[in-house]
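Everything on this sheet refers to the single structure shown next.
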Amino acid sequence: MAILVMLIGVVLLFLLIIKFRLNTFVSLLVGLFLGIPWTKLPTVIEKGIGDQVGHLAIIFGLGAMLGQLISDSGAGFKIADTFTKHFGRKYIEIAVVLTSFIIGLAMFFEVGLVILLPIIYAVAIELDLSFLYLALPMAVSLNVAHAFLPPHPSPVAVASILHASLGHVLLIGLLCAIPVVIIAGPLYNHLLMKIYPSVYRKNVKIEVLGTIHQPRIKDQLPSFTTSILTATMPIILIIIATVTKYILPNSNIISIILQFIGEPDVAMIISLLIAVFTLGIRRGTRMKRIGQSMENAIKQIAMMLLIIGGAGAFKQVLVTGGVANDISALFIHSNISPLIAAWLIPALLHFCLGSTTVAALTGAGLVAPLVAGTGISPILMVLAVGAGSTFGDHVNGAGFWMVKEYFGLSLKEALATWSVLTCVTSVVGLLVVLFMSLFI
């Protein structure tokens, strides 16, 4: 019954958003039908919104301000201009995919997206390319790294549940992730361009990314070194913290300080302060003007945060209402392949709940007995769960709304591009894991 209510709720969600332009707060109605006491619904809704927006609000807000400063100072244009001279149109997609994947090893999907998109946006404008042509492969690279590979929290937690070696998960995960990124990234990107060419429009205006300024006198621009170091400072701080975590003991004072600095929220604050100095004060810009730029950046992301909060509320209602448990119960006594089960359960959970982490951890807990009972490699089970947890990102997921707003897509375009792409990524991931099972 809970599954039926969930399906009706998802259909209703699509109808309200697409037809009537309402948002995901339909979760209140779904919660009542799932049997959640009406007196507890506000608490459930608040928890869902808080869990979803609490962390993202800081990242989005600081990221928007950092991106605006990069844009207003001309640093984004300087980076784009330098990149285009070195890689040109022919190899720029490869450069974007490789860079995004490396960055994705150390950064959350949301953080990587917020930091990289202003640069990708500037490069697309400078080369007169479609923004989506570069943005989609970049997002695939970040998404695959986030779902498949340690030290990201989800694969680390799943590896712990399934008693798999983190080192082996990282090694085999890299071997699996590379073909997935290539197939779901550049190869599928070129196929989509032929199937849906209208979405690959040029000179798209994306409010949350600001306006790329192209000064008439290029000597007025900050240097490339200043521009790239300031733009990637969050990445640098997070990567340093990630590396030292495995080199220095946890009790080491240097490690403790670097771990603190490398926390995404702290790294973004430090990076923003550095940007205020290097791209603003140092170049003679008044603090009043800098403040106005940052204020405008915050205004541009306000509605997106509300929409993402609604998606979090809907997810929490479904979890509290027992949908995850009911879906899982369908597969406990099934006779399907352990690897397929390890993919299918989190795939359905992610499609229904919109949370990669909830889907992965719930799925891992349910398929854990299959590892001991069948002798299947726990490493491959971890990767199968990771692949499943990315399936079918749509209107009930925060990632979907991020992509829609940051990529400048309509709802229909986001469903036809990003939602389908996450399905492709997930299925390709499963196929690669099944292929690896022939040798492991």
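How things are named: the first chain in the structure tokens is A, the next is B, and so on; residues count from 1 in each chain; ligands count from 1 in the order shown.
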
Can I get the residues of segment 142-224 of chain A within 7 Å of segment 376-387 of chain A, each with the closest pair of atoms and their distance in Å to one decimal, using only C-alpha atoms, sorted chain first then ascending number, as JSON lines?
{"residue": "A:Ala147", "atom": "CA", "partner": "A:Gly386", "partner_atom": "CA", "distance": 5.1}
{"residue": "A:Phe148", "atom": "CA", "partner": "A:Gly386", "partner_atom": "CA", "distance": 5.2}
{"residue": "A:Pro155", "atom": "CA", "partner": "A:Gly386", "partner_atom": "CA", "distance": 6.7}
{"residue": "A:Val158", "atom": "CA", "partner": "A:Val382", "partner_atom": "CA", "distance": 6.1}
{"residue": "A:Ala159", "atom": "CA", "partner": "A:Val382", "partner_atom": "CA", "distance": 5.9}
{"residue": "A:Leu162", "atom": "CA", "partner": "A:Pro378", "partner_atom": "CA", "distance": 6.0}
{"residue": "A:His163", "atom": "CA", "partner": "A:Pro378", "partner_atom": "CA", "distance": 6.8}
{"residue": "A:Ala164", "atom": "CA", "partner": "A:Pro378", "partner_atom": "CA", "distance": 5.3}
{"residue": "A:His168", "atom": "CA", "partner": "A:Ile379", "partner_atom": "CA", "distance": 6.9}
{"residue": "A:Val169", "atom": "CA", "partner": "A:Ile379", "partner_atom": "CA", "distance": 5.5}
{"residue": "A:Gly173", "atom": "CA", "partner": "A:Leu383", "partner_atom": "CA", "distance": 6.7}

Compile the contact shell of Val243 of chain A as a list in words: residues with an atom at most 12 Å away, counting only C-alpha atoms, same-chain residues fewer than 2 positions apart removed. Leu105, Ala106, Pro151, Ile236, Leu237, Ile238, Ile239, Ile240, Ala241, Lys245, Tyr246, Ile247, Leu248, Pro249, Ser255, Leu258, Gln259 and Gly262 of chain A

Which value, in Å to one decimal, gives the distance between atom CA of Leu127 of chain A and atom CA of Gly76 of chain A? 13.2 Å

Using only C-alpha atoms, which protein or nucleic acid residues come within 8 Å of Gly104 of chain A? Drop anything in the same chain fewer than 4 positions from it, and give the result as number ranges by chain. A: 100, 108-109, 112, 141-143, 145-146

Contacts of Ala124 of chain A at 10 Å (only C-alpha atoms; same-chain gap of 2+ positions) as a list in words: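 Counting only C-alpha atoms, the residues come to Ala80, Thr84, Arg89, Ile92, Pro118, Ile119, Ile120, Tyr121, Ala122, Glu126, Leu127, Asp128, Leu129, Ser130, Phe131, Leu132, Tyr133, Leu134, Ala135, Lys202, Asn203 and Val204 of chain A.
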
Mind writing the picked residues with N, CA and C atoms as a compact mmCIF listing (two decimals), in the first residue's frame?
# COMPACT_ATOMS: atom_id res chain seq x y z
N ALA A 80 39.09 31.30 -19.12
CA ALA A 80 38.53 30.77 -20.36
C ALA A 80 39.42 31.08 -21.55
N THR A 84 41.26 28.17 -23.80
CA THR A 84 40.96 28.02 -25.22
C THR A 84 42.22 28.07 -26.07
N ARG A 89 39.07 24.28 -29.52
CA ARG A 89 37.75 23.67 -29.56
C ARG A 89 37.82 22.16 -29.63
N ILE A 92 38.75 20.55 -25.99
CA ILE A 92 38.27 21.17 -24.76
C ILE A 92 37.34 20.24 -23.98
N PRO A 118 30.99 28.18 -13.18
CA PRO A 118 31.34 29.51 -13.71
C PRO A 118 32.49 29.47 -14.71
N ILE A 119 33.48 28.60 -14.46
CA ILE A 119 34.61 28.48 -15.38
C ILE A 119 34.16 27.83 -16.69
N ILE A 120 33.37 26.75 -16.58
CA ILE A 120 32.86 26.08 -17.77
C ILE A 120 32.00 27.03 -18.60
N TYR A 121 31.21 27.83 -17.93
CA TYR A 121 30.34 28.81 -18.58
C TYR A 121 31.18 29.82 -19.38
N ALA A 122 32.25 30.29 -18.76
CA ALA A 122 33.13 31.26 -19.43
C ALA A 122 33.83 30.63 -20.64
N GLU A 126 33.55 31.82 -24.54
CA GLU A 126 34.77 32.21 -25.26
C GLU A 126 34.95 31.40 -26.54
N LEU A 127 34.62 30.12 -26.51
CA LEU A 127 34.79 29.25 -27.68
C LEU A 127 33.56 29.22 -28.57
N ASP A 128 32.51 29.95 -28.19
CA ASP A 128 31.25 29.97 -28.94
C ASP A 128 30.68 28.55 -29.05
N LEU A 129 30.69 27.85 -27.91
CA LEU A 129 30.14 26.49 -27.84
C LEU A 129 28.86 26.50 -27.01
N SER A 130 28.07 25.46 -27.17
CA SER A 130 26.92 25.29 -26.30
C SER A 130 27.40 25.01 -24.89
N PHE A 131 26.82 25.69 -23.92
CA PHE A 131 27.18 25.47 -22.52
C PHE A 131 26.93 24.02 -22.12
N LEU A 132 25.81 23.45 -22.58
CA LEU A 132 25.46 22.08 -22.21
C LEU A 132 26.47 21.08 -22.76
N TYR A 133 27.09 21.39 -23.88
CA TYR A 133 28.08 20.51 -24.49
C TYR A 133 29.24 20.22 -23.54
N LEU A 134 29.59 21.19 -22.72
CA LEU A 134 30.67 21.01 -21.75
C LEU A 134 30.13 20.67 -20.36
N ALA A 135 28.95 21.18 -20.03
CA ALA A 135 28.43 21.01 -18.67
C ALA A 135 27.97 19.59 -18.38
N LYS A 202 23.42 28.04 -27.96
CA LYS A 202 24.58 28.85 -27.57
C LYS A 202 24.12 30.14 -26.90
N ASN A 203 25.08 30.77 -26.24
CA ASN A 203 24.84 32.08 -25.60
C ASN A 203 23.64 32.06 -24.66
N VAL A 204 23.48 30.96 -23.93
CA VAL A 204 22.38 30.86 -22.98
C VAL A 204 22.66 31.76 -21.78

With distances taken over only C-alpha atoms, the candidate from A:Leu273, A:Ala368, A:Leu229, A:Ile345 nearest Ile79 of chain A is A:Leu229

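Among the candidates A:Met233, A:Ile256, A:Ala360, A:Val97, the residue lying nearest to Ala347 of chain A is A:Ala360 (atoms considered: only C-alpha atoms).
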
Mind checking DSSP for segment 125-215 of chain A and telling me the helix (DSSP H, G or I) residues as a PyMOL selection string? chain A and resi 125-126+131-148+153-161+166-195+197-199+207-209

For segment 176-190 of chain A, find every residue with an atom within 8 Å (counting only C-alpha atoms), except residues of its own chain fewer than 6 positions away, and show them as a PyMOL selection string. chain A and resi 93-94+97+133+136-138+140-141+144-145+148+421+424-425+428-429+432-433+436

Give me, as number ranges by chain, all polymer residues having an atom no more than 7 Å from segment 58-66 of chain A, counting only C-alpha atoms and skipping those fewer than 5 positions away in the same chain. A: 111, 114-115, 265, 268-269, 272, 275, 294, 297-298

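Our summary of the geometry notes that atom CA of Tyr406 of chain A is positioned 25.8 Å from atom CA of Lys85 of chain A.
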
Separation of atom CA of His394 of chain A from atom CA of Leu366 of chain A in Å: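 Atom CA of His394 of chain A lies 24.1 Å from atom CA of Leu366 of chain A.
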
I want to know what sits within 10 Å of Ser293 of chain A, based on only C-alpha atoms, with residues of the same chain fewer than 6 positions away left out; could you give that as a ChimeraX atom specification? /A:64-69,71-72,210,287
